[in-house]
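J.: Contents are compact mmCIF, C-alpha atoms; file name protein.txt:
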```txt
# COMPACT_ATOMS: atom_id res chain seq x y z
CA MET S 1 -10.24 66.00 -15.71
CA GLN S 2 -11.54 64.31 -18.86
CA GLY S 3 -10.92 67.45 -20.90
CA MET S 4 -7.33 67.65 -19.66
CA LEU S 5 -6.80 63.97 -20.41
CA GLU S 6 -7.96 64.41 -24.00
CA LYS S 7 -5.64 67.40 -24.47
CA ILE S 8 -2.68 65.47 -23.03
CA ARG S 9 -3.35 62.57 -25.41
CA ALA S 10 -3.51 65.07 -28.28
CA GLY S 11 -0.05 66.37 -27.33
CA ASP S 12 -1.21 69.82 -26.22
CA THR S 13 1.90 71.34 -24.64
CA ARG S 14 -0.02 73.60 -22.26
CA ALA S 15 -2.07 70.69 -20.94
CA ILE S 16 1.08 68.58 -20.54
CA ALA S 17 2.83 71.37 -18.64
CA ARG S 18 -0.20 71.92 -16.42
CA ALA S 19 -0.48 68.20 -15.69
CA ILE S 20 3.20 68.04 -14.67
CA THR S 21 2.65 70.99 -12.32
CA ILE S 22 -0.30 69.17 -10.74
CA MET S 23 1.85 66.06 -10.24
CA GLU S 24 4.58 68.14 -8.60
CA MET S 25 2.09 69.75 -6.22
CA GLY S 26 0.66 66.37 -5.21
CA GLY S 27 -2.58 65.90 -3.31
CA THR S 28 -5.99 64.64 -4.42
CA ALA S 29 -5.90 66.27 -7.87
CA ALA S 30 -2.57 64.59 -8.67
CA ALA S 31 -3.81 61.22 -7.42
CA ASP S 32 -7.02 61.45 -9.48
CA LEU S 33 -5.18 62.50 -12.64
CA HIS S 34 -2.59 59.75 -12.26
CA ARG S 35 -5.35 57.19 -11.78
CA VAL S 36 -6.90 57.97 -15.17
CA LEU S 37 -3.50 58.18 -16.88
CA LEU S 38 -2.11 54.83 -15.75
CA PRO S 39 -4.25 52.57 -18.01
CA LEU S 40 -2.99 54.53 -21.03
CA THR S 41 0.74 54.26 -20.27
CA GLY S 42 3.33 51.81 -21.54
CA THR S 43 3.91 52.91 -25.14
CA ALA S 44 6.93 55.23 -24.86
CA LEU S 45 10.51 54.02 -24.52
CA THR S 46 11.93 55.55 -21.34
CA ILE S 47 15.66 56.30 -21.24
CA GLY S 48 17.45 57.52 -18.14
CA PHE S 49 20.72 59.45 -18.29
CA THR S 50 22.64 59.60 -15.03
CA GLY S 51 26.21 60.12 -13.88
CA PRO S 52 28.43 62.41 -11.83
CA PRO S 53 28.35 66.21 -12.11
CA GLY S 54 30.35 67.56 -15.03
CA ALA S 55 30.19 64.37 -17.11
CA GLY S 56 28.30 66.25 -19.84
CA LYS S 57 24.85 64.66 -19.48
CA SER S 58 22.87 67.68 -20.68
CA THR S 59 25.09 68.26 -23.71
CA LEU S 60 24.94 64.56 -24.57
CA ILE S 61 21.14 64.54 -24.29
CA ASP S 62 21.02 67.60 -26.55
CA ALA S 63 22.97 65.69 -29.21
CA PHE S 64 20.88 62.56 -28.55
CA ILE S 65 17.66 64.51 -29.17
CA THR S 66 19.07 65.63 -32.53
CA GLU S 67 19.66 61.98 -33.51
CA LEU S 68 16.15 61.01 -32.37
CA ARG S 69 14.56 63.77 -34.42
CA GLN S 70 16.61 62.88 -37.49
CA SER S 71 15.27 59.33 -37.17
CA GLY S 72 11.70 60.71 -37.14
CA ARG S 73 10.97 60.07 -33.46
CA THR S 74 9.28 62.51 -31.11
CA VAL S 75 10.77 63.02 -27.66
CA ALA S 76 9.96 64.46 -24.24
CA VAL S 77 12.64 65.31 -21.70
CA ALA S 78 12.25 65.52 -17.93
CA ALA S 79 15.46 67.17 -16.70
CA VAL S 80 15.89 67.22 -12.93
CA ASP S 81 17.97 70.07 -11.51
CA PRO S 82 19.24 70.35 -7.93
CA SER S 83 17.35 72.70 -5.62
CA SER S 84 18.88 75.24 -3.29
CA PRO S 85 18.71 74.07 0.34
CA PHE S 86 18.15 77.71 1.32
CA SER S 87 15.68 79.17 -1.19
CA GLY S 88 14.28 75.98 -2.69
CA GLY S 89 14.87 77.41 -6.17
CA ALA S 90 16.85 75.88 -9.01
CA VAL S 91 18.96 77.18 -11.88
CA LEU S 92 17.48 75.35 -14.86
CA GLY S 93 20.81 74.80 -16.60
CA ASP S 94 19.72 71.60 -18.32
CA ARG S 95 17.10 73.45 -20.38
CA ILE S 96 19.66 76.12 -21.32
CA ARG S 97 21.95 73.47 -22.83
CA MET S 98 19.06 72.05 -24.88
CA GLY S 99 17.91 75.45 -26.10
CA GLN S 100 18.22 74.65 -29.81
CA HIS S 101 15.22 72.30 -29.56
CA THR S 102 12.77 74.63 -27.83
CA GLU S 103 11.06 75.65 -31.10
CA ASP S 104 10.72 72.07 -32.36
CA PRO S 105 7.11 70.83 -31.90
CA GLY S 106 8.42 67.27 -31.82
CA VAL S 107 10.40 68.01 -28.64
CA PHE S 108 8.98 68.79 -25.19
CA ILE S 109 11.46 69.75 -22.46
CA ARG S 110 10.54 70.29 -18.82
CA SER S 111 13.03 71.24 -16.13
CA ILE S 112 12.08 69.90 -12.70
CA ALA S 113 13.57 70.92 -9.37
CA SER S 114 14.63 67.98 -7.19
CA ARG S 115 13.20 69.78 -4.11
CA GLY S 116 15.64 67.97 -1.84
CA HIS S 117 14.58 64.49 -2.96
CA SER S 118 17.42 61.96 -2.71
CA GLY S 119 18.16 59.45 -5.45
CA GLY S 120 18.93 62.00 -8.16
CA LEU S 121 15.30 62.56 -9.15
CA ASN S 122 12.10 64.30 -8.02
CA LYS S 123 9.57 62.51 -5.81
CA SER S 124 6.90 62.94 -8.52
CA ILE S 125 9.06 61.67 -11.39
CA GLN S 126 7.09 58.45 -11.90
CA ALA S 127 3.84 60.35 -12.40
CA ILE S 128 5.56 62.96 -14.59
CA VAL S 129 6.96 60.25 -16.85
CA ASP S 130 3.45 58.78 -17.15
CA VAL S 131 2.13 62.19 -18.29
CA LEU S 132 4.82 62.36 -20.98
CA ASP S 133 4.14 58.75 -21.99
CA VAL S 134 0.41 59.39 -22.48
CA SER S 135 1.18 62.54 -24.48
CA GLY S 136 2.14 60.32 -27.40
CA ARG S 137 5.90 60.87 -27.45
CA ASP S 138 7.93 57.99 -28.85
CA VAL S 139 10.78 58.45 -26.36
CA VAL S 140 10.84 59.89 -22.85
CA VAL S 141 14.29 60.95 -21.63
CA ILE S 142 15.02 61.46 -17.94
CA GLU S 143 18.10 63.33 -16.78
CA THR S 144 19.04 62.99 -13.14
CA VAL S 145 20.87 65.62 -11.14
CA GLY S 146 24.63 65.14 -10.81
CA ALA S 147 24.25 61.76 -9.12
CA GLY S 148 26.51 60.25 -6.50
CA GLN S 149 27.55 56.62 -6.14
CA SER S 150 24.39 55.47 -4.37
CA GLU S 151 21.79 57.49 -6.28
CA VAL S 152 20.28 54.72 -8.38
CA GLU S 153 16.55 55.52 -8.31
CA VAL S 154 16.50 56.03 -12.08
CA ALA S 155 16.80 52.24 -12.43
CA GLU S 156 13.22 51.94 -11.17
CA VAL S 157 11.84 54.39 -13.75
CA ALA S 158 13.73 53.90 -17.01
CA ASP S 159 13.69 51.02 -19.50
CA ILE S 160 17.26 51.84 -20.57
CA LYS S 161 19.79 53.26 -18.09
CA ILE S 162 22.72 55.20 -19.55
CA VAL S 163 25.48 56.00 -17.05
CA VAL S 164 27.63 58.85 -18.37
CA ASN S 165 31.23 59.05 -17.18
CA ALA S 166 33.98 61.54 -17.82
CA PRO S 167 37.70 60.79 -18.28
CA GLY S 168 39.58 60.67 -15.00
CA LEU S 169 36.86 58.70 -13.22
CA GLY S 170 39.36 57.60 -10.60
CA ASP S 171 41.57 54.58 -10.06
CA ASP S 172 40.67 50.94 -10.73
CA ILE S 173 39.25 50.55 -7.22
CA GLN S 174 36.84 53.44 -7.81
CA ALA S 175 35.57 51.75 -10.96
CA ILE S 176 34.72 48.45 -9.21
CA LYS S 177 32.93 49.98 -6.20
CA ALA S 178 29.25 49.10 -5.86
CA GLY S 179 26.72 51.74 -6.81
CA ILE S 180 25.65 53.69 -9.83
CA LEU S 181 27.83 51.81 -12.36
CA GLU S 182 25.95 48.59 -11.54
CA ILE S 183 22.60 49.81 -12.86
CA ALA S 184 23.86 50.68 -16.35
CA SER S 185 22.32 49.22 -19.49
CA ILE S 186 24.96 51.23 -21.37
CA LEU S 187 28.16 52.82 -20.06
CA VAL S 188 29.27 55.96 -21.88
CA VAL S 189 32.61 57.72 -21.62
CA ASN S 190 31.80 61.23 -22.76
CA LYS S 191 34.44 63.85 -23.64
CA ALA S 192 36.32 61.01 -25.31
CA ASP S 193 38.66 63.49 -27.01
CA LEU S 194 40.41 64.11 -23.67
CA PRO S 195 43.69 62.31 -22.86
CA LEU S 196 42.41 59.98 -20.10
CA ALA S 197 39.39 58.67 -22.04
CA ALA S 198 41.02 55.41 -23.16
CA ARG S 199 42.13 54.68 -19.59
CA THR S 200 38.58 55.23 -18.29
CA VAL S 201 37.22 52.81 -20.93
CA ARG S 202 39.73 50.17 -19.81
CA GLN S 203 38.75 50.66 -16.17
CA LEU S 204 35.07 50.21 -16.94
CA ARG S 205 35.69 47.09 -19.01
CA SER S 206 37.86 45.67 -16.24
CA MET S 207 35.01 46.33 -13.81
CA LEU S 208 32.59 44.45 -16.06
CA ALA S 209 34.96 41.48 -16.28
CA LEU S 210 34.68 41.00 -12.50
CA ARG S 211 30.89 40.59 -12.63
CA ARG S 212 28.93 37.40 -12.98
CA GLU S 213 28.84 36.19 -16.57
CA ASN S 214 25.21 37.20 -17.15
CA ARG S 215 25.98 40.81 -16.11
CA GLN S 216 29.16 41.38 -18.10
CA ASN S 217 27.59 42.20 -21.45
CA VAL S 218 27.16 45.95 -20.98
CA PRO S 219 28.24 48.09 -23.95
CA VAL S 220 30.95 50.67 -23.24
CA LEU S 221 30.75 53.52 -25.75
CA GLN S 222 32.74 56.68 -26.33
CA THR S 223 31.12 60.00 -27.27
CA VAL S 224 32.07 63.61 -27.78
CA ALA S 225 28.74 65.32 -27.15
CA SER S 226 29.90 68.78 -28.21
CA SER S 227 30.60 67.54 -31.75
CA GLY S 228 28.07 64.68 -31.90
CA LYS S 229 30.72 62.02 -32.33
CA GLY S 230 29.52 58.57 -31.24
CA VAL S 231 25.92 59.71 -30.57
CA ALA S 232 24.47 57.85 -33.58
CA GLU S 233 26.09 54.66 -32.28
CA LEU S 234 24.59 55.38 -28.85
CA LEU S 235 21.08 55.62 -30.34
CA GLU S 236 21.62 52.43 -32.32
CA THR S 237 22.67 50.61 -29.14
CA VAL S 238 19.65 51.97 -27.23
CA LEU S 239 17.27 50.68 -29.90
CA GLU S 240 18.94 47.27 -29.82
CA LEU S 241 18.43 47.04 -26.06
CA SER S 242 14.85 48.35 -25.99
CA PRO S 243 12.22 45.86 -24.72
CA PRO S 244 11.65 43.52 -27.68
CA THR S 245 8.04 42.64 -26.94
CA SER S 246 4.95 44.34 -25.54
CA THR S 247 4.73 41.49 -23.01
CA GLU S 248 8.09 42.44 -21.51
CA HIS S 249 7.09 46.10 -21.48
CA ARG S 250 3.84 45.26 -19.66
CA ALA S 251 5.74 43.15 -17.12
CA ARG S 252 8.04 46.09 -16.33
CA ARG S 253 5.00 48.35 -16.03
CA SER S 254 3.28 45.96 -13.60
CA GLU S 255 6.37 45.81 -11.40
CA ARG S 256 6.62 49.60 -11.42
CA VAL S 257 2.99 49.90 -10.32
CA ARG S 258 3.72 47.47 -7.48
CA ARG S 259 6.59 49.71 -6.31
CA LEU S 260 4.42 52.82 -6.51
CA VAL S 261 1.73 51.21 -4.35
CA ALA S 262 4.36 50.05 -1.84
CA GLU S 263 5.86 53.56 -1.65
CA ALA S 264 2.42 55.10 -1.11
CA ALA S 265 1.65 52.56 1.61
CA ALA S 266 4.93 53.34 3.36
CA ALA S 267 4.27 57.09 3.20
CA ASN S 268 0.73 56.66 4.58
CA THR S 269 1.96 54.46 7.42
CA LYS S 270 4.63 57.01 8.34
CA ARG S 271 2.07 59.82 8.46
CA HIS S 272 -0.27 57.66 10.54
CA VAL S 273 2.37 56.76 13.14
CA LEU S 274 3.70 60.31 13.42
CA ALA S 275 0.17 61.59 14.05
CA LEU S 276 -0.51 59.17 16.94
CA ARG S 277 -0.73 61.03 20.24
CA ASP S 278 -3.13 58.91 22.34
CA LYS S 279 -2.20 57.19 25.59
CA PRO S 280 -1.66 53.62 24.23
CA SER S 281 0.70 54.82 21.49
CA ARG S 282 2.69 56.93 23.98
CA ALA S 283 2.92 53.87 26.25
CA MET S 284 4.25 51.80 23.34
CA LEU S 285 6.93 54.39 22.54
CA ALA S 286 7.95 54.48 26.21
CA GLN S 287 8.38 50.70 26.11
CA VAL S 288 10.66 51.07 23.09
CA GLU S 289 12.77 53.64 24.96
CA ARG S 290 13.07 51.25 27.94
CA GLY S 291 14.16 48.41 25.68
CA GLU S 292 11.06 46.33 26.42
CA VAL S 293 9.83 46.30 22.81
CA SER S 294 11.82 46.37 19.56
CA ILE S 295 11.35 49.15 17.02
CA GLU S 296 10.11 46.60 14.49
CA GLY S 297 7.54 45.26 16.94
CA ALA S 298 6.29 48.73 17.83
CA ALA S 299 6.06 49.61 14.14
CA GLN S 300 3.79 46.66 13.43
CA SER S 301 1.56 47.43 16.41
CA LEU S 302 1.31 51.17 15.79
CA ALA S 303 0.64 50.73 12.06
CA ALA S 304 -2.49 48.79 12.94
CA HIS S 305 -3.50 51.01 15.88
CA LYS S 306 -6.60 53.18 15.45
CA PRO S 307 -7.00 56.03 17.95
CA GLY S 308 -10.47 56.17 19.40
CA ALA S 309 -11.08 52.45 18.98
CA ALA S 310 -11.82 50.22 21.94
CA LYS S 311 -9.45 51.07 24.76
CA THR S 312 -6.47 48.78 25.09
CA SER S 313 -4.56 48.56 28.34
CA SER S 314 -0.80 48.98 28.34
CA TYR S 315 -0.67 45.41 29.67
CA ARG S 316 -2.33 44.10 26.50
CA TRP S 317 0.04 46.21 24.40
CA ARG S 318 2.95 44.52 26.16
CA GLN S 319 1.46 41.08 25.61
CA ARG S 320 0.94 41.71 21.90
CA SER S 321 4.39 43.14 21.30
CA THR S 322 6.61 40.76 23.22
CA THR S 323 6.68 38.51 20.14
CA TYR S 324 8.76 41.09 18.32
CA LYS S 325 11.40 41.59 21.01
```
Take the structure in the file and give it back as structure tokens.
T.:
Amino acid sequence: MQGMLEKIRAGDTRAIARAITIMEMGGTAAADLHRVLLPLTGTALTIGFTGPPGAGKSTLIDAFITELRQSGRTVAVAAVDPSSPFSGGAVLGDRIRMGQHTEDPGVFIRSIASRGHSGGLNKSIQAIVDVLDVSGRDVVVIETVGAGQSEVEVAEVADIKIVVNAPGLGDDIQAIKAGILEIASILVVNKADLPLAARTVRQLRSMLALRRENRQNVPVLQTVASSGKGVAELLETVLELSPPTSTEHRARRSERVRRLVAEAAAANTKRHVLALRDKPSRAMLAQVERGEVSIEGAAQSLAAHKPGAAKTSSYRWRQRSTTYK
């Protein structure tokens, strides 16, 4: 473990790739590796690119990497691709579009299958980003799958959220609907050389005007990723919005750790409750089915229940749970 950690910190690409694979597999090895990585995180700027399918996210990231490298910054990319619901495999199209950077030692690109995880990301993305952070890269870029309106998980991972739109987003009502547009640090209209680009910009600015005053100041930029037009301005805007102090960065990191612990606690509780098969737990579930106990009340009781502990009569279960009816 210590040897792998030293290689990751030295930027060894094989060690980084191996560590990401361990995080994807999960289990004790992933938990132990993540534990030793966490104290070393918090130096890289994390940028999330999200948006609907076909908006040109991969091509825009390809052009964005070029700008980052020209500015002397190193970059790692975690590109999440959708998985087949039948085979579980994924066509790693994001990496294909970024192929020009594969020989650049200052660029590390890893395609990651979503494996059915909702939210536009992979369930291990937080740990994967931490691996890339510790590897010494200046910038970590996350690309979500073609995200729908409610797939906003990237907001919990990235410092800067870039929502990429394409011309012909929809009507004005579509633009003001709650969802993915609300998480944006920057709104980008890509393929701005197409006829409806100006209309899409107007729709997004009209949407921003309806927000509370402290949430209206979101830049709306136009890019043509295939030619690189507007990408330098995008990088300049990203750097302006990056966390200005290490204190703010640490505060974001602390909140992210809190969410990770909460998610792990929820997953452990779910596994615990699903594994319960003893008589008291079956009696509690029967009471839920009869409408004698609420689901919330049963959840609290079963989360604390330990099979094999002192026997508890169904009467005492009823007494304890009536509070939650």
J.: Mind giving me the straight-line distance from atom CA of S:Pro52 to atom CA of S:Ile128 in Å, one decimal?
T.: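 A separation of 23.0 Å between them.
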J.: Considering all atoms listed in the file, return as a list in words whatever protein or nucleic-acid residues lie within 7 Å of stretch 30-45 of chain S, sequence-local ones (same chain, fewer than 2 positions apart) excluded.
T.: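 After dropping sequence-adjacent residues, the list is Met1, Ile22, Met23, Gly26, Gly27, Thr28, Ile47, Ala127, Asp130, Asp133, Val134, Arg137, Asp138, Val139, Val140, Asp159, His249, Arg250 and Arg253 of chain S.
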J.: Could you state the separation of atom CA of S:Ser111 and atom CA of S:Glu6 in Å, given to one decimal place?
T.: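 Distance between the two atoms: 23.4 Å.
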J.: Find the residue from S:Ala267, S:Ile160, S:Val75, S:Ile295 that sits nearest to S:Ser242; use all atoms listed in the file when measuring.
T.: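 Nearest candidate to S:Ser242 out of S:Ala267, S:Ile160, S:Val75, S:Ile295: S:Ile160.
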J.: How many Å separate atom CA of S:Leu210 from atom CA of S:Glu182?
T.: 11.6 Å
J.: Considering only C-alpha atoms, state which residue in the set S:Glu143, S:Glu67, S:Gly136, S:Ser124 is at the smallest distance from S:Pro82.
T.: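 Of S:Glu143, S:Glu67, S:Gly136, S:Ser124, the one nearest S:Pro82 is S:Glu143, counting only C-alpha atoms.
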J.: Check the smallest atom-to-atom distance from each of S:Pro280, S:Gly11, S:Gly228, S:Gly51 to S:Ser135 using all atoms listed in the file, then report the winner.
T.: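 Closest candidate: S:Gly11.
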J.: Pick out the residues sitting within 12 Å of S:Val141, and hand them over as a PyMOL selection string; count only C-alpha atoms, and ignore anything fewer than 4 positions along from it in its own chain.
T.: chain S and resi 44-50+57-58+60-62+64-65+68+74-80+107-111+125+128-130+132-133+137+154+157-162+238
J.: Would you put the residues from that selection into a file with C-alpha atoms, as a JSON list (two decimals), in the coordinates of the input?
T.:
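So out_16.json came out as:
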```json
[["chain", "number", "residue", "atom", "x", "y", "z"],
["S", 44, "ALA", "CA", 6.93, 55.23, -24.86],
["S", 45, "LEU", "CA", 10.51, 54.02, -24.52],
["S", 46, "THR", "CA", 11.93, 55.55, -21.34],
["S", 47, "ILE", "CA", 15.66, 56.30, -21.24],
["S", 48, "GLY", "CA", 17.45, 57.52, -18.14],
["S", 49, "PHE", "CA", 20.72, 59.45, -18.29],
["S", 50, "THR", "CA", 22.64, 59.60, -15.03],
["S", 57, "LYS", "CA", 24.85, 64.66, -19.48],
["S", 58, "SER", "CA", 22.87, 67.68, -20.68],
["S", 60, "LEU", "CA", 24.94, 64.56, -24.57],
["S", 61, "ILE", "CA", 21.14, 64.54, -24.29],
["S", 62, "ASP", "CA", 21.02, 67.60, -26.55],
["S", 64, "PHE", "CA", 20.88, 62.56, -28.55],
["S", 65, "ILE", "CA", 17.66, 64.51, -29.17],
["S", 68, "LEU", "CA", 16.15, 61.01, -32.37],
["S", 74, "THR", "CA", 9.28, 62.51, -31.11],
["S", 75, "VAL", "CA", 10.77, 63.02, -27.66],
["S", 76, "ALA", "CA", 9.96, 64.46, -24.24],
["S", 77, "VAL", "CA", 12.64, 65.31, -21.70],
["S", 78, "ALA", "CA", 12.25, 65.52, -17.93],
["S", 79, "ALA", "CA", 15.46, 67.17, -16.70],
["S", 80, "VAL", "CA", 15.89, 67.22, -12.93],
["S", 107, "VAL", "CA", 10.40, 68.01, -28.64],
["S", 108, "PHE", "CA", 8.98, 68.79, -25.19],
["S", 109, "ILE", "CA", 11.46, 69.75, -22.46],
["S", 110, "ARG", "CA", 10.54, 70.29, -18.82],
["S", 111, "SER", "CA", 13.03, 71.24, -16.13],
["S", 125, "ILE", "CA", 9.06, 61.67, -11.39],
["S", 128, "ILE", "CA", 5.56, 62.96, -14.59],
["S", 129, "VAL", "CA", 6.96, 60.25, -16.85],
["S", 130, "ASP", "CA", 3.45, 58.78, -17.15],
["S", 132, "LEU", "CA", 4.82, 62.36, -20.98],
["S", 133, "ASP", "CA", 4.14, 58.75, -21.99],
["S", 137, "ARG", "CA", 5.90, 60.87, -27.45],
["S", 154, "VAL", "CA", 16.50, 56.03, -12.08],
["S", 157, "VAL", "CA", 11.84, 54.39, -13.75],
["S", 158, "ALA", "CA", 13.73, 53.90, -17.01],
["S", 159, "ASP", "CA", 13.69, 51.02, -19.50],
["S", 160, "ILE", "CA", 17.26, 51.84, -20.57],
["S", 161, "LYS", "CA", 19.79, 53.26, -18.09],
["S", 162, "ILE", "CA", 22.72, 55.20, -19.55],
["S", 238, "VAL", "CA", 19.65, 51.97, -27.23]]
```
J.: For each of S:Ile16, S:Ile180, S:Leu260, S:Leu239, take the minimum atom-to-atom distance to S:Lys123, counting all atoms listed in the file, then give the residue where this is smallest.
T.: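 Closest to S:Lys123, using all atoms listed in the file: S:Leu260.
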J.: Please identify all polymer residues within 12 Å of S:Leu302, counting all atoms listed in the file, omitting same-chain residues fewer than 5 positions from it, and present them as a ChimeraX atom specification.
T.: /S:269-278,280-285,288,295-297,307,317,320-321
J.: Between S:Leu221, S:Val145, S:Gln126, S:His305, which one has atoms that come closest to S:Lys279, using all atoms listed in the file?
T.: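 Among the listed residues, S:His305 lies closest to S:Lys279.
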J.: With distances taken over all atoms listed in the file, which residue among S:Asn165, S:Ser294, S:Thr144, S:Thr102 lies nearest S:Val224?
T.: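 Nearest to S:Val224: S:Asn165.
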